[in-house]
file run-v3.cif (mmCIF, C-alpha atoms, pLDDT in the B column; chains and numbers go by the auth columns)
data_protein
#
loop_
_atom_site.group_PDB
_atom_site.id
_atom_site.type_symbol
_atom_site.label_atom_id
_atom_site.label_comp_id
_atom_site.label_asym_id
_atom_site.label_seq_id
_atom_site.Cartn_x
_atom_site.Cartn_y
_atom_site.Cartn_z
_atom_site.B_iso_or_equiv
_atom_site.auth_seq_id
_atom_site.auth_asym_id
ATOM 1 C CA MET A 1 73.618 -31.558 -27.580 64.00 1 Z
ATOM 2 C CA PRO A 2 73.519 -34.631 -25.364 75.00 2 Z
ATOM 3 C CA TYR A 3 76.740 -36.028 -23.935 83.00 3 Z
ATOM 4 C CA THR A 4 77.325 -39.738 -23.503 85.00 4 Z
ATOM 5 C CA SER A 5 80.040 -39.082 -20.904 89.00 5 Z
ATOM 6 C CA VAL A 6 81.730 -36.160 -19.132 94.00 6 Z
ATOM 7 C CA GLN A 7 85.080 -36.585 -17.379 95.00 7 Z
ATOM 8 C CA LYS A 8 87.501 -34.423 -15.441 97.00 8 Z
ATOM 9 C CA LYS A 9 90.888 -34.676 -17.170 97.00 9 Z
ATOM 10 C CA ALA A 10 93.112 -32.345 -15.113 98.00 10 Z
ATOM 11 C CA GLU A 11 93.281 -30.011 -12.120 98.00 11 Z
ATOM 12 C CA ALA A 12 95.990 -27.559 -11.085 98.00 12 Z
ATOM 13 C CA ASP A 13 96.804 -24.464 -9.066 98.00 13 Z
ATOM 14 C CA PHE A 14 96.009 -21.249 -10.973 98.00 14 Z
ATOM 15 C CA PRO A 15 96.971 -17.820 -9.596 98.00 15 Z
ATOM 16 C CA THR A 16 95.587 -14.871 -11.597 97.00 16 Z
ATOM 17 C CA ARG A 17 95.671 -11.083 -11.302 96.00 17 Z
ATOM 18 C CA TRP A 18 92.107 -11.267 -9.915 96.00 18 Z
ATOM 19 C CA GLY A 19 92.875 -13.871 -7.277 96.00 19 Z
ATOM 20 C CA HIS A 20 93.722 -17.499 -6.624 97.00 20 Z
ATOM 21 C CA PHE A 21 91.827 -20.224 -8.488 98.00 21 Z
ATOM 22 C CA ARG A 22 91.997 -23.914 -9.213 98.00 22 Z
ATOM 23 C CA ILE A 23 91.851 -24.665 -12.941 98.00 23 Z
ATOM 24 C CA LEU A 24 90.052 -27.852 -13.976 98.00 24 Z
ATOM 25 C CA GLY A 25 89.774 -29.357 -17.446 98.00 25 Z
ATOM 26 C CA PHE A 26 86.744 -31.410 -18.520 97.00 26 Z
ATOM 27 C CA GLU A 27 85.866 -33.308 -21.690 95.00 27 Z
ATOM 28 C CA GLY A 28 82.417 -34.303 -22.838 93.00 28 Z
ATOM 29 C CA LEU A 29 81.775 -36.934 -25.515 91.00 29 Z
ATOM 30 C CA ARG A 30 79.038 -35.524 -27.737 81.00 30 Z
ATOM 31 C CA ALA A 31 76.746 -37.821 -29.674 74.00 31 Z
ATOM 32 C CA ASP A 32 75.382 -35.210 -32.100 70.00 32 Z
ATOM 33 C CA SER A 33 74.745 -31.497 -32.508 66.00 33 Z
ATOM 34 C CA ALA A 34 71.737 -29.259 -32.771 67.00 34 Z
ATOM 35 C CA PRO A 35 70.103 -28.781 -36.211 66.00 35 Z
ATOM 36 C CA GLY A 36 71.657 -25.927 -38.168 69.00 36 Z
ATOM 37 C CA CYS A 37 74.813 -25.917 -36.055 78.00 37 Z
ATOM 38 C CA PRO A 38 78.301 -27.361 -36.575 72.00 38 Z
ATOM 39 C CA PRO A 39 79.607 -29.989 -36.701 64.00 39 Z
ATOM 40 C CA ASP A 40 77.588 -31.991 -39.203 58.00 40 Z
ATOM 41 C CA PRO A 41 75.221 -34.236 -37.200 51.00 41 Z
ATOM 42 C CA ALA A 42 76.216 -37.106 -39.513 53.00 42 Z
ATOM 43 C CA ALA A 43 79.847 -36.815 -38.417 55.00 43 Z
ATOM 44 C CA ALA A 44 81.458 -39.084 -35.858 56.00 44 Z
ATOM 45 C CA PRO A 45 80.937 -38.233 -32.175 64.00 45 Z
ATOM 46 C CA ALA A 46 83.137 -35.353 -31.062 85.00 46 Z
ATOM 47 C CA VAL A 47 84.813 -34.347 -27.832 87.00 47 Z
ATOM 48 C CA ASP A 48 84.062 -30.901 -26.406 91.00 48 Z
ATOM 49 C CA GLY A 49 86.309 -29.261 -23.848 94.00 49 Z
ATOM 50 C CA LEU A 50 85.427 -26.996 -20.955 96.00 50 Z
ATOM 51 C CA VAL A 51 87.672 -25.227 -18.448 98.00 51 Z
ATOM 52 C CA ALA A 52 86.458 -24.406 -14.946 98.00 52 Z
ATOM 53 C CA LEU A 53 88.103 -21.789 -12.738 98.00 53 Z
ATOM 54 C CA VAL A 54 87.092 -22.479 -9.140 98.00 54 Z
ATOM 55 C CA HIS A 55 87.649 -20.017 -6.300 98.00 55 Z
ATOM 56 C CA GLY A 56 86.950 -20.553 -2.608 97.00 56 Z
ATOM 57 C CA ASP A 57 84.351 -22.799 -0.980 98.00 57 Z
ATOM 58 C CA ILE A 58 81.711 -23.518 -3.610 98.00 58 Z
ATOM 59 C CA HIS A 59 79.599 -25.757 -1.363 97.00 59 Z
ATOM 60 C CA ALA A 60 78.831 -23.569 1.664 96.00 60 Z
ATOM 61 C CA ALA A 61 76.162 -21.670 -0.306 97.00 61 Z
ATOM 62 C CA PRO A 62 75.072 -21.411 -3.950 97.00 62 Z
ATOM 63 C CA PRO A 63 78.192 -19.980 -5.657 98.00 63 Z
ATOM 64 C CA ILE A 64 78.328 -17.295 -8.296 98.00 64 Z
ATOM 65 C CA VAL A 65 78.676 -19.053 -11.652 98.00 65 Z
ATOM 66 C CA ARG A 66 79.494 -17.477 -14.993 98.00 66 Z
ATOM 67 C CA ILE A 67 79.166 -19.573 -18.169 97.00 67 Z
ATOM 68 C CA HIS A 68 81.463 -17.783 -20.612 97.00 68 Z
ATOM 69 C CA SER A 69 81.592 -18.740 -24.273 95.00 69 Z
ATOM 70 C CA GLN A 70 85.062 -18.646 -25.806 95.00 70 Z
ATOM 71 C CA CYS A 71 85.797 -15.475 -27.775 96.00 71 Z
ATOM 72 C CA LEU A 72 89.311 -15.420 -29.212 97.00 72 Z
ATOM 73 C CA THR A 73 88.815 -12.003 -30.757 96.00 73 Z
ATOM 74 C CA GLY A 74 87.581 -10.414 -27.554 96.00 74 Z
ATOM 75 C CA ASP A 75 89.134 -12.428 -24.736 97.00 75 Z
ATOM 76 C CA VAL A 76 92.619 -12.599 -26.293 97.00 76 Z
ATOM 77 C CA PHE A 77 92.896 -9.742 -28.802 97.00 77 Z
ATOM 78 C CA GLY A 78 90.722 -7.212 -26.950 96.00 78 Z
ATOM 79 C CA SER A 79 88.217 -6.734 -29.778 96.00 79 Z
ATOM 80 C CA LEU A 80 85.774 -3.879 -29.298 96.00 80 Z
ATOM 81 C CA ARG A 81 83.189 -5.463 -31.601 95.00 81 Z
ATOM 82 C CA CYS A 82 81.706 -7.274 -28.582 94.00 82 Z
ATOM 83 C CA ASP A 83 81.468 -7.093 -24.789 93.00 83 Z
ATOM 84 C CA CYS A 84 83.024 -10.529 -24.185 95.00 84 Z
ATOM 85 C CA ARG A 85 86.312 -9.517 -22.574 97.00 85 Z
ATOM 86 C CA PRO A 86 84.750 -6.942 -20.231 96.00 86 Z
ATOM 87 C CA GLN A 87 82.199 -9.574 -19.191 96.00 87 Z
ATOM 88 C CA LEU A 88 84.967 -12.121 -18.541 97.00 88 Z
ATOM 89 C CA GLU A 89 86.906 -9.668 -16.399 97.00 89 Z
ATOM 90 C CA LEU A 90 83.759 -8.549 -14.585 97.00 90 Z
ATOM 91 C CA ALA A 91 82.960 -12.157 -13.688 98.00 91 Z
ATOM 92 C CA LEU A 92 86.447 -12.983 -12.410 98.00 92 Z
ATOM 93 C CA ALA A 93 86.524 -9.816 -10.314 98.00 93 Z
ATOM 94 C CA ARG A 94 83.045 -10.459 -8.858 97.00 94 Z
ATOM 95 C CA ILE A 95 83.891 -14.077 -7.983 98.00 95 Z
ATOM 96 C CA THR A 96 87.005 -13.103 -6.053 98.00 96 Z
ATOM 97 C CA GLU A 97 85.238 -10.177 -4.356 97.00 97 Z
ATOM 98 C CA GLU A 98 82.528 -12.562 -3.156 95.00 98 Z
ATOM 99 C CA GLY A 99 85.122 -15.077 -1.970 96.00 99 Z
ATOM 100 C CA SER A 100 83.854 -18.044 -3.972 97.00 100 Z
ATOM 101 C CA GLY A 101 82.537 -18.929 -7.385 98.00 101 Z
ATOM 102 C CA ILE A 102 83.058 -20.757 -10.638 98.00 102 Z
ATOM 103 C CA LEU A 103 83.798 -19.543 -14.142 98.00 103 Z
ATOM 104 C CA LEU A 104 82.918 -22.152 -16.766 98.00 104 Z
ATOM 105 C CA TYR A 105 84.723 -21.395 -20.049 98.00 105 Z
ATOM 106 C CA GLU A 106 83.056 -23.195 -22.950 94.00 106 Z
ATOM 107 C CA GLN A 107 84.731 -23.696 -26.327 92.00 107 Z
ATOM 108 C CA GLN A 108 81.800 -22.273 -28.297 90.00 108 Z
ATOM 109 C CA GLU A 109 83.395 -19.575 -30.449 93.00 109 Z
ATOM 110 C CA GLY A 110 81.027 -17.272 -32.291 93.00 110 Z
ATOM 111 C CA ARG A 111 77.905 -18.479 -30.463 91.00 111 Z
ATOM 112 C CA GLY A 112 78.921 -21.999 -31.409 92.00 112 Z
ATOM 113 C CA ILE A 113 79.563 -21.609 -35.149 92.00 113 Z
ATOM 114 C CA GLY A 114 83.363 -21.743 -34.902 93.00 114 Z
ATOM 115 C CA LEU A 115 86.129 -19.229 -35.502 95.00 115 Z
ATOM 116 C CA MET A 116 86.279 -19.207 -39.321 95.00 116 Z
ATOM 117 C CA ALA A 117 82.508 -18.919 -39.644 95.00 117 Z
ATOM 118 C CA LYS A 118 82.573 -16.148 -37.038 95.00 118 Z
ATOM 119 C CA LEU A 119 85.072 -14.207 -39.138 97.00 119 Z
ATOM 120 C CA GLN A 120 82.837 -14.725 -42.183 97.00 120 Z
ATOM 121 C CA ALA A 121 79.993 -13.353 -40.080 96.00 121 Z
ATOM 122 C CA TYR A 122 82.165 -10.326 -39.257 96.00 122 Z
ATOM 123 C CA GLN A 123 82.580 -9.753 -42.995 97.00 123 Z
ATOM 124 C CA LEU A 124 78.811 -9.819 -43.488 97.00 124 Z
ATOM 125 C CA GLN A 125 78.354 -7.470 -40.539 95.00 125 Z
ATOM 126 C CA ASP A 126 80.749 -5.026 -42.211 96.00 126 Z
ATOM 127 C CA GLN A 127 78.309 -5.101 -45.144 96.00 127 Z
ATOM 128 C CA GLY A 128 75.385 -4.141 -42.920 95.00 128 Z
ATOM 129 C CA ARG A 129 73.997 -7.350 -41.417 96.00 129 Z
ATOM 130 C CA ASP A 130 73.566 -7.692 -37.684 92.00 130 Z
ATOM 131 C CA THR A 131 74.937 -10.720 -35.829 90.00 131 Z
ATOM 132 C CA VAL A 132 71.734 -12.742 -36.146 93.00 132 Z
ATOM 133 C CA GLU A 133 71.290 -11.944 -39.860 94.00 133 Z
ATOM 134 C CA ALA A 134 74.918 -12.897 -40.552 95.00 134 Z
ATOM 135 C CA ASN A 135 74.584 -16.290 -38.845 93.00 135 Z
ATOM 136 C CA LEU A 136 71.386 -17.077 -40.710 95.00 136 Z
ATOM 137 C CA GLU A 137 72.884 -16.038 -44.059 95.00 137 Z
ATOM 138 C CA LEU A 138 75.777 -18.436 -43.441 95.00 138 Z
ATOM 139 C CA GLY A 139 73.305 -21.261 -42.876 94.00 139 Z
ATOM 140 C CA PHE A 140 73.514 -21.430 -39.084 93.00 140 Z
ATOM 141 C CA ALA A 141 70.989 -20.879 -36.341 91.00 141 Z
ATOM 142 C CA ALA A 142 71.080 -17.465 -34.664 91.00 142 Z
ATOM 143 C CA ASP A 143 72.703 -19.103 -31.626 89.00 143 Z
ATOM 144 C CA CYS A 144 74.262 -22.565 -31.816 89.00 144 Z
ATOM 145 C CA ARG A 145 75.350 -22.798 -28.206 88.00 145 Z
ATOM 146 C CA GLY A 146 74.232 -25.453 -25.749 89.00 146 Z
ATOM 147 C CA TYR A 147 74.665 -25.578 -21.995 92.00 147 Z
ATOM 148 C CA GLU A 148 74.401 -29.289 -21.234 93.00 148 Z
ATOM 149 C CA LEU A 149 78.151 -29.565 -20.661 95.00 149 Z
ATOM 150 C CA PRO A 150 78.309 -26.757 -18.043 96.00 150 Z
ATOM 151 C CA ALA A 151 75.363 -28.347 -16.234 96.00 151 Z
ATOM 152 C CA ALA A 152 77.089 -31.734 -16.246 96.00 152 Z
ATOM 153 C CA VAL A 153 80.311 -30.182 -14.923 97.00 153 Z
ATOM 154 C CA LEU A 154 78.429 -28.448 -12.114 98.00 154 Z
ATOM 155 C CA ARG A 155 76.943 -31.799 -11.116 97.00 155 Z
ATOM 156 C CA LEU A 156 80.414 -33.373 -11.148 97.00 156 Z
ATOM 157 C CA LEU A 157 81.572 -30.567 -8.854 98.00 157 Z
ATOM 158 C CA GLY A 158 78.702 -31.304 -6.484 97.00 158 Z
ATOM 159 C CA VAL A 159 76.954 -27.989 -7.172 98.00 159 Z
ATOM 160 C CA THR A 160 73.177 -28.199 -7.495 96.00 160 Z
ATOM 161 C CA ALA A 161 72.231 -24.528 -6.988 98.00 161 Z
ATOM 162 C CA VAL A 162 73.925 -21.393 -8.341 98.00 162 Z
ATOM 163 C CA ARG A 163 73.742 -17.630 -8.520 98.00 163 Z
ATOM 164 C CA LEU A 164 74.089 -17.269 -12.286 98.00 164 Z
ATOM 165 C CA MET A 165 75.874 -14.245 -13.730 97.00 165 Z
ATOM 166 C CA THR A 166 74.282 -13.668 -17.126 95.00 166 Z
ATOM 167 C CA ASN A 167 72.129 -11.366 -19.228 93.00 167 Z
ATOM 168 C CA ASN A 168 70.820 -14.321 -21.243 91.00 168 Z
ATOM 169 C CA PRO A 169 67.546 -15.902 -20.011 92.00 169 Z
ATOM 170 C CA GLU A 170 68.296 -19.011 -22.099 91.00 170 Z
ATOM 171 C CA LYS A 171 71.228 -19.862 -19.818 94.00 171 Z
ATOM 172 C CA VAL A 172 68.959 -19.685 -16.781 96.00 172 Z
ATOM 173 C CA ALA A 173 66.349 -21.896 -18.453 95.00 173 Z
ATOM 174 C CA ALA A 174 68.978 -24.372 -19.688 93.00 174 Z
ATOM 175 C CA LEU A 175 70.500 -24.891 -16.239 97.00 175 Z
ATOM 176 C CA GLU A 176 67.127 -25.229 -14.551 96.00 176 Z
ATOM 177 C CA SER A 177 65.937 -27.740 -17.148 95.00 177 Z
ATOM 178 C CA ALA A 178 69.113 -29.738 -16.442 94.00 178 Z
ATOM 179 C CA GLY A 179 68.336 -29.853 -12.729 95.00 179 Z
ATOM 180 C CA ILE A 180 70.586 -26.990 -11.548 97.00 180 Z
ATOM 181 C CA ALA A 181 68.590 -24.494 -9.478 97.00 181 Z
ATOM 182 C CA VAL A 182 69.245 -20.824 -10.226 97.00 182 Z
ATOM 183 C CA SER A 183 68.592 -19.033 -6.938 97.00 183 Z
ATOM 184 C CA GLU A 184 69.546 -15.622 -8.343 96.00 184 Z
ATOM 185 C CA ARG A 185 70.398 -14.013 -11.672 97.00 185 Z
ATOM 186 C CA ILE A 186 73.248 -11.527 -11.409 96.00 186 Z
ATOM 187 C CA SER A 187 73.676 -9.019 -14.227 94.00 187 Z
ATOM 188 C CA ALA A 188 76.725 -9.389 -16.452 93.00 188 Z
ATOM 189 C CA GLU A 189 76.073 -6.042 -18.126 92.00 189 Z
ATOM 190 C CA VAL A 190 79.018 -3.787 -18.882 91.00 190 Z
ATOM 191 C CA ALA A 191 79.083 -0.178 -20.037 89.00 191 Z
ATOM 192 C CA PRO A 192 78.293 -0.112 -23.765 89.00 192 Z
ATOM 193 C CA LEU A 193 80.798 1.356 -26.191 91.00 193 Z
ATOM 194 C CA ASP A 194 79.810 2.794 -29.556 92.00 194 Z
ATOM 195 C CA THR A 195 81.798 0.013 -31.269 93.00 195 Z
ATOM 196 C CA PHE A 196 79.509 -2.699 -29.877 88.00 196 Z
ATOM 197 C CA ARG A 197 76.262 -0.835 -29.177 90.00 197 Z
ATOM 198 C CA ARG A 198 74.522 -2.346 -32.229 86.00 198 Z
ATOM 199 C CA TYR A 199 75.754 -5.777 -31.168 83.00 199 Z
ATOM 200 C CA LEU A 200 74.078 -5.299 -27.779 86.00 200 Z
ATOM 201 C CA GLU A 201 70.912 -3.894 -29.354 87.00 201 Z
ATOM 202 C CA THR A 202 70.639 -7.039 -31.483 81.00 202 Z
ATOM 203 C CA LYS A 203 71.080 -9.275 -28.434 85.00 203 Z
ATOM 204 C CA GLN A 204 68.359 -7.345 -26.620 87.00 204 Z
ATOM 205 C CA GLN A 205 65.877 -7.029 -29.482 81.00 205 Z
ATOM 206 C CA LYS A 206 66.315 -10.366 -31.258 82.00 206 Z
ATOM 207 C CA MET A 207 67.648 -12.684 -28.554 73.00 207 Z
ATOM 208 C CA GLY A 208 65.882 -11.413 -25.447 79.00 208 Z
ATOM 209 C CA HIS A 209 68.964 -10.452 -23.431 86.00 209 Z
ATOM 210 C CA LEU A 210 68.285 -8.394 -20.305 81.00 210 Z
ATOM 211 C CA LEU A 211 70.138 -5.102 -20.744 84.00 211 Z
ATOM 212 C CA ASN A 212 69.318 -1.942 -18.803 83.00 212 Z
ATOM 213 C CA GLU A 213 71.920 0.278 -20.484 68.00 213 Z
ATOM 214 C CA ILE A 214 70.452 -0.260 -23.973 66.00 214 Z
ATOM 215 C CA SER A 215 67.155 1.522 -24.592 59.00 215 Z
ATOM 216 C CA PRO A 216 64.384 -0.792 -25.825 49.00 216 Z
ATOM 217 C CA GLN A 217 63.327 -0.411 -29.449 45.00 217 Z
ATOM 218 C CA PRO A 218 60.288 1.895 -29.740 41.00 218 Z
#
call {"tool": "encode", "arguments": {"input": "run-v3.cif", "output": "structure tokens"}}
result
Amino acid sequence: MPYTSVQKKAEADFPTRWGHFRILGFEGLRADSAPGCPPDPAAAPAVDGLVALVHGDIHAAPPIVRIHSQCLTGDVFGSLRCDCRPQLELALARITEEGSGILLYEQQEGRGIGLMAKLQAYQLQDQGRDTVEANLELGFAADCRGYELPAAVLRLLGVTAVRLMTNNPEKVAALESAGIAVSERISAEVAPLDTFRRYLETKQQKMGHLLNEISPQP
């Protein structure tokens, strides 16, 4: 999803229960979208938003960076269908423990398919589909997310090398292909609960996520 422009729109002080951050708002003007993903590529160019939480000196050494995809159900409502909220809290705690880092919060609900489609996918999952099968049945790709906007924001922040906190090899590859060096991958794995164990198994088996707590499929 190429962006014709990316701009910082706001910056403010942002104390949290994990520590003190600066909160920055960015907007990227998108020319189109990936095939099989919303919005319709024939639609007018759209603006995507991204929020960055910045803690400490991010230029002295490659900072810890977490690219977190928006999850209303998990991040706000505490859903136990996924590991999103524990991952978010793990990242914020690790950043403040280390003394510096960046959390990039992308508005890519439901792996980029949007909130209503995500809820439709939940309905299909209740009928037995896994997360990948549900997306495909709804006419979407298994994962509609892109990481060009986080890479562009990192460049605007003057960050060219990061220690990336992720279980997803695609995020590592996406940043490196955009010219952001990943000097280290830090695990974002959290303890699996029974309510989202199948969700994690699907990410491991069908999407290649690196998870030590989930046994590989025989």
call {"tool": "closest_residue", "arguments": {"input": "run-v3.cif", "among": "Z:His68, Z:Gln205, Z:Gln107, Z:Glu98", "to": "Cys84 of chain Z", "atoms": "only C-alpha atoms"}}
result
Z:His68
call {"tool": "closest_residue", "arguments": {"input": "run-v3.cif", "among": "Z:Ile102, Z:Val47, Z:Cys71, Z:Val54", "to": "Phe14 of chain Z", "atoms": "all atoms listed in the file"}}
result
Z:Val54
call {"tool": "resolve_selection", "arguments": {"input": "run-v3.cif", "expression": "the PyMOL selection byres ((chain Z and resi 163) around 10)", "output": "list of chain:residue names"}}
result
Z:Ala61, Z:Pro62, Z:Pro63, Z:Ile64, Z:Val65, Z:Arg66, Z:Gly101, Z:Ala161, Z:Val162, Z:Leu164, Z:Met165, Z:Thr166, Z:Val172, Z:Ala181, Z:Val182, Z:Ser183, Z:Glu184, Z:Arg185, Z:Ile186
call {"tool": "write_last_selection", "arguments": {"input": "run-v3.cif", "atoms": "C-alpha atoms", "output": "mmCIF file, in the frame of the given file"}}
result
data_model
loop_
_atom_site.group_PDB
_atom_site.id
_atom_site.type_symbol
_atom_site.label_atom_id
_atom_site.label_comp_id
_atom_site.auth_asym_id
_atom_site.auth_seq_id
_atom_site.Cartn_x
_atom_site.Cartn_y
_atom_site.Cartn_z
ATOM 1 C CA ALA Z 61 76.162 -21.670 -0.306
ATOM 2 C CA PRO Z 62 75.072 -21.411 -3.950
ATOM 3 C CA PRO Z 63 78.192 -19.980 -5.657
ATOM 4 C CA ILE Z 64 78.328 -17.295 -8.296
ATOM 5 C CA VAL Z 65 78.676 -19.053 -11.652
ATOM 6 C CA ARG Z 66 79.494 -17.477 -14.993
ATOM 7 C CA GLY Z 101 82.537 -18.929 -7.385
ATOM 8 C CA ALA Z 161 72.231 -24.528 -6.988
ATOM 9 C CA VAL Z 162 73.925 -21.393 -8.341
ATOM 10 C CA LEU Z 164 74.089 -17.269 -12.286
ATOM 11 C CA MET Z 165 75.874 -14.245 -13.730
ATOM 12 C CA THR Z 166 74.282 -13.668 -17.126
ATOM 13 C CA VAL Z 172 68.959 -19.685 -16.781
ATOM 14 C CA ALA Z 181 68.590 -24.494 -9.478
ATOM 15 C CA VAL Z 182 69.245 -20.824 -10.226
ATOM 16 C CA SER Z 183 68.592 -19.033 -6.938
ATOM 17 C CA GLU Z 184 69.546 -15.622 -8.343
ATOM 18 C CA ARG Z 185 70.398 -14.013 -11.672
ATOM 19 C CA ILE Z 186 73.248 -11.527 -11.409
#
call {"tool": "closest_residue", "arguments": {"input": "run-v3.cif", "among": "Z:Arg22, Z:Lys118, Z:Arg30, Z:His209", "to": "Ile58 of chain Z", "atoms": "all atoms listed in the file"}}
result
Z:Arg22
call {"tool": "resolve_selection", "arguments": {"input": "run-v3.cif", "expression": "the PyMOL selection byres ((chain Z and resi 69) around 12)", "output": "ChimeraX atom specification"}}
result
/Z:49-52,66-68,70-75,83-85,87-88,103-114,143-147,149-150,166,171
call {"tool": "closest_residue", "arguments": {"input": "run-v3.cif", "among": "Z:Leu115, Z:Val153, Z:Ser5, Z:Glu148", "to": "Ser177 of chain Z", "atoms": "all atoms listed in the file"}}
result
Z:Glu148
call {"tool": "closest_residue", "arguments": {"input": "run-v3.cif", "among": "Z:Leu210, Z:Ala174, Z:Ile180, Z:Ala134", "to": "Val159 of chain Z", "atoms": "all atoms listed in the file"}}
result
Z:Ile180
call {"tool": "closest_residue", "arguments": {"input": "run-v3.cif", "among": "Z:Ala188, Z:Leu157, Z:Leu136, Z:Leu119", "to": "Gly25 of chain Z", "atoms": "all atoms listed in the file"}}
result
Z:Leu157
